[in-house]
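Here the structure is laid out as structure tokens; the discussion comes afterwards.
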Amino acid sequence: RHALDLLAAALVDALARVLCAGAVLHVATDHEGYRDWIAAVMAAQSDFVNLHAPEPFVATQPDRRETAYEAEWRAEGRVIAYFDYRRAK
């Protein structure tokens, strides 16, 4: 299995079954390939609404405290992608 399998369609379907309407799903990554994978998986389903639409993600979260990992990755020049979705229905 590949690390990109973590946020696969099956997991998103399972999350849709257990999360209440209005629940928010937050996902972040500094890996370009995983970022594109997340965007594709989430765009292909209808149980969650993208809170950053029409963009698939944002590169900053001003009202969120930065973690030590995020600070390290930014210092290395990496872009962090923040995805936020609300459970529909």
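Residues are referred to by chain and number: the chain letter is A, B, ... according to the order shown in the structure tokens, the number counts from 1 in that chain, and ligands are numbered separately from 1 in the order shown.
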
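By chain and then residue number, the residues within 10 Å of Arg87 (chain A) are Leu15, Ala16, Arg17, Leu19, Cys20, Ala21, Gly22, Ala23, Val24, Leu25, Ser46, Asp47, Phe48, Val49, Asn50, Tyr85 and Lys89 of chain A, counting only C-alpha atoms and disregarding those fewer than 2 positions away in sequence.
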
Restrict the selected residues to all heavy atoms and save them as a short mmCIF file (atom, residue, chain, number, x, y, z; two decimals), in the first residue's frame.
data_model
loop_
_atom_site.label_atom_id
_atom_site.label_comp_id
_atom_site.auth_asym_id
_atom_site.auth_seq_id
_atom_site.Cartn_x
_atom_site.Cartn_y
_atom_site.Cartn_z
N LEU A 15 -16.31 8.15 6.68
CA LEU A 15 -16.46 9.38 7.43
C LEU A 15 -17.85 9.99 7.21
O LEU A 15 -18.46 10.50 8.15
CB LEU A 15 -15.38 10.39 7.03
CG LEU A 15 -13.96 10.05 7.49
CD1 LEU A 15 -12.96 11.00 6.85
CD2 LEU A 15 -13.86 10.09 9.00
N ALA A 16 -18.34 9.91 6.00
CA ALA A 16 -19.67 10.44 5.70
C ALA A 16 -20.75 9.69 6.48
O ALA A 16 -21.75 10.28 6.88
CB ALA A 16 -19.95 10.37 4.21
N ARG A 17 -20.53 8.40 6.73
CA ARG A 17 -21.51 7.61 7.48
C ARG A 17 -21.50 7.94 8.97
O ARG A 17 -22.53 7.86 9.62
CB ARG A 17 -21.26 6.12 7.29
CG ARG A 17 -21.69 5.59 5.93
CD ARG A 17 -21.67 4.07 5.87
NE ARG A 17 -20.38 3.48 6.19
CZ ARG A 17 -19.39 3.30 5.30
NH1 ARG A 17 -19.54 3.67 4.04
NH2 ARG A 17 -18.27 2.73 5.67
N LEU A 19 -19.99 10.88 10.55
CA LEU A 19 -20.00 12.29 10.94
C LEU A 19 -21.39 12.89 10.79
O LEU A 19 -22.10 12.61 9.84
CB LEU A 19 -19.01 13.09 10.10
CG LEU A 19 -17.53 12.78 10.32
CD1 LEU A 19 -16.66 13.56 9.36
CD2 LEU A 19 -17.13 13.08 11.76
N CYS A 20 -21.76 13.71 11.73
CA CYS A 20 -23.07 14.38 11.70
C CYS A 20 -23.06 15.47 10.65
O CYS A 20 -22.01 16.03 10.32
CB CYS A 20 -23.36 15.02 13.05
SG CYS A 20 -23.47 13.86 14.41
N ALA A 21 -24.24 15.80 10.16
CA ALA A 21 -24.37 16.92 9.24
C ALA A 21 -23.79 18.17 9.91
O ALA A 21 -24.02 18.41 11.09
CB ALA A 21 -25.83 17.14 8.88
N GLY A 22 -23.00 18.91 9.16
CA GLY A 22 -22.38 20.11 9.69
C GLY A 22 -21.00 19.91 10.27
O GLY A 22 -20.28 20.88 10.52
N ALA A 23 -20.59 18.65 10.51
CA ALA A 23 -19.25 18.38 11.03
C ALA A 23 -18.21 18.84 10.01
O ALA A 23 -18.46 18.83 8.80
CB ALA A 23 -19.07 16.89 11.30
N VAL A 24 -17.06 19.27 10.50
CA VAL A 24 -16.01 19.78 9.60
C VAL A 24 -14.83 18.83 9.61
O VAL A 24 -14.36 18.39 10.66
CB VAL A 24 -15.58 21.20 10.02
CG1 VAL A 24 -14.46 21.71 9.13
CG2 VAL A 24 -16.76 22.16 9.96
N LEU A 25 -14.35 18.52 8.42
CA LEU A 25 -13.18 17.66 8.21
C LEU A 25 -12.02 18.55 7.79
O LEU A 25 -12.13 19.30 6.82
CB LEU A 25 -13.49 16.63 7.11
CG LEU A 25 -12.33 15.76 6.63
CD1 LEU A 25 -11.83 14.87 7.76
CD2 LEU A 25 -12.76 14.93 5.44
N SER A 46 -19.85 13.61 -2.96
CA SER A 46 -20.85 14.66 -2.75
C SER A 46 -21.29 14.81 -1.29
O SER A 46 -22.16 15.63 -1.02
CB SER A 46 -22.07 14.38 -3.62
OG SER A 46 -22.65 13.14 -3.25
N ASP A 47 -20.70 14.06 -0.39
CA ASP A 47 -21.13 14.11 1.01
C ASP A 47 -20.49 15.25 1.80
O ASP A 47 -20.91 15.54 2.91
CB ASP A 47 -20.83 12.78 1.71
CG ASP A 47 -21.69 11.66 1.16
OD1 ASP A 47 -22.91 11.87 1.02
OD2 ASP A 47 -21.14 10.59 0.87
N PHE A 48 -19.45 15.87 1.25
CA PHE A 48 -18.77 16.97 1.91
C PHE A 48 -18.71 18.17 0.98
O PHE A 48 -18.52 18.02 -0.22
CB PHE A 48 -17.34 16.56 2.30
CG PHE A 48 -17.28 15.55 3.39
CD1 PHE A 48 -17.28 14.20 3.09
CD2 PHE A 48 -17.22 15.93 4.72
CE1 PHE A 48 -17.24 13.24 4.09
CE2 PHE A 48 -17.17 14.99 5.73
CZ PHE A 48 -17.17 13.64 5.42
N VAL A 49 -18.88 19.36 1.55
CA VAL A 49 -18.82 20.60 0.80
C VAL A 49 -17.47 21.26 1.05
O VAL A 49 -17.07 21.45 2.21
CB VAL A 49 -19.95 21.55 1.25
CG1 VAL A 49 -19.85 22.90 0.55
CG2 VAL A 49 -21.31 20.90 1.00
N ASN A 50 -16.77 21.61 -0.01
CA ASN A 50 -15.48 22.26 0.09
C ASN A 50 -15.67 23.70 0.57
O ASN A 50 -16.30 24.51 -0.09
CB ASN A 50 -14.79 22.24 -1.28
CG ASN A 50 -13.44 22.93 -1.27
OD1 ASN A 50 -13.00 23.46 -0.26
ND2 ASN A 50 -12.78 22.94 -2.41
N TYR A 85 -13.63 20.76 4.79
CA TYR A 85 -14.91 20.33 4.21
C TYR A 85 -15.96 20.22 5.31
O TYR A 85 -15.66 19.82 6.42
CB TYR A 85 -14.77 18.94 3.56
CG TYR A 85 -13.82 18.94 2.39
CD1 TYR A 85 -12.47 18.70 2.59
CD2 TYR A 85 -14.27 19.19 1.11
CE1 TYR A 85 -11.59 18.71 1.52
CE2 TYR A 85 -13.40 19.20 0.04
CZ TYR A 85 -12.06 18.97 0.26
OH TYR A 85 -11.19 18.98 -0.81
N LYS A 89 -25.84 17.52 4.23
CA LYS A 89 -27.09 16.77 4.51
C LYS A 89 -27.34 16.65 5.97
O LYS A 89 -27.23 15.96 6.76
CB LYS A 89 -27.11 15.42 3.81
CG LYS A 89 -26.92 15.57 2.32
CD LYS A 89 -26.79 14.22 1.69
CE LYS A 89 -26.34 14.37 0.24
NZ LYS A 89 -25.94 13.17 -0.37
#

Which polymer residues have any atom within 10 Å of an atom of region 69-78 of chain A, counting only C-alpha atoms, with same-chain residues fewer than 2 positions away left out, as a ChimeraX atom specification?
/A:28-32,65-67,80-81

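Ranking A:Tyr82, A:Val12, A:Ala88, A:Leu7 by their shortest atom-to-atom distance to Arg64 (chain A), with only C-alpha atoms included, puts A:Tyr82 first.
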
As number ranges by chain, please: every residue in chain A that DSSP puts in strand (DSSP E).
A: 24-29, 48-50, 81-87

Which polymer residues have any atom within 12 Å of an atom of Ala44 (chain A), counting only C-alpha atoms, with same-chain residues fewer than 6 positions away left out, as a ChimeraX atom specification?
/A:8-10,12-13,37-38,50,56

Which of region 16-53 of chain A counts as helix (DSSP H, G or I) under DSSP, as an MDAnalysis selection string please?
chainID A and resid 16:18 32:43

Which is closest to Met42 (chain A) among A:Val79, A:Pro62, A:Ala68, A:His26, if we use only C-alpha atoms?
A:His26

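Taking CA of Ala39 (chain A) and CA of Phe83 (chain A) as endpoints, the distance between them is 8.3 Å.
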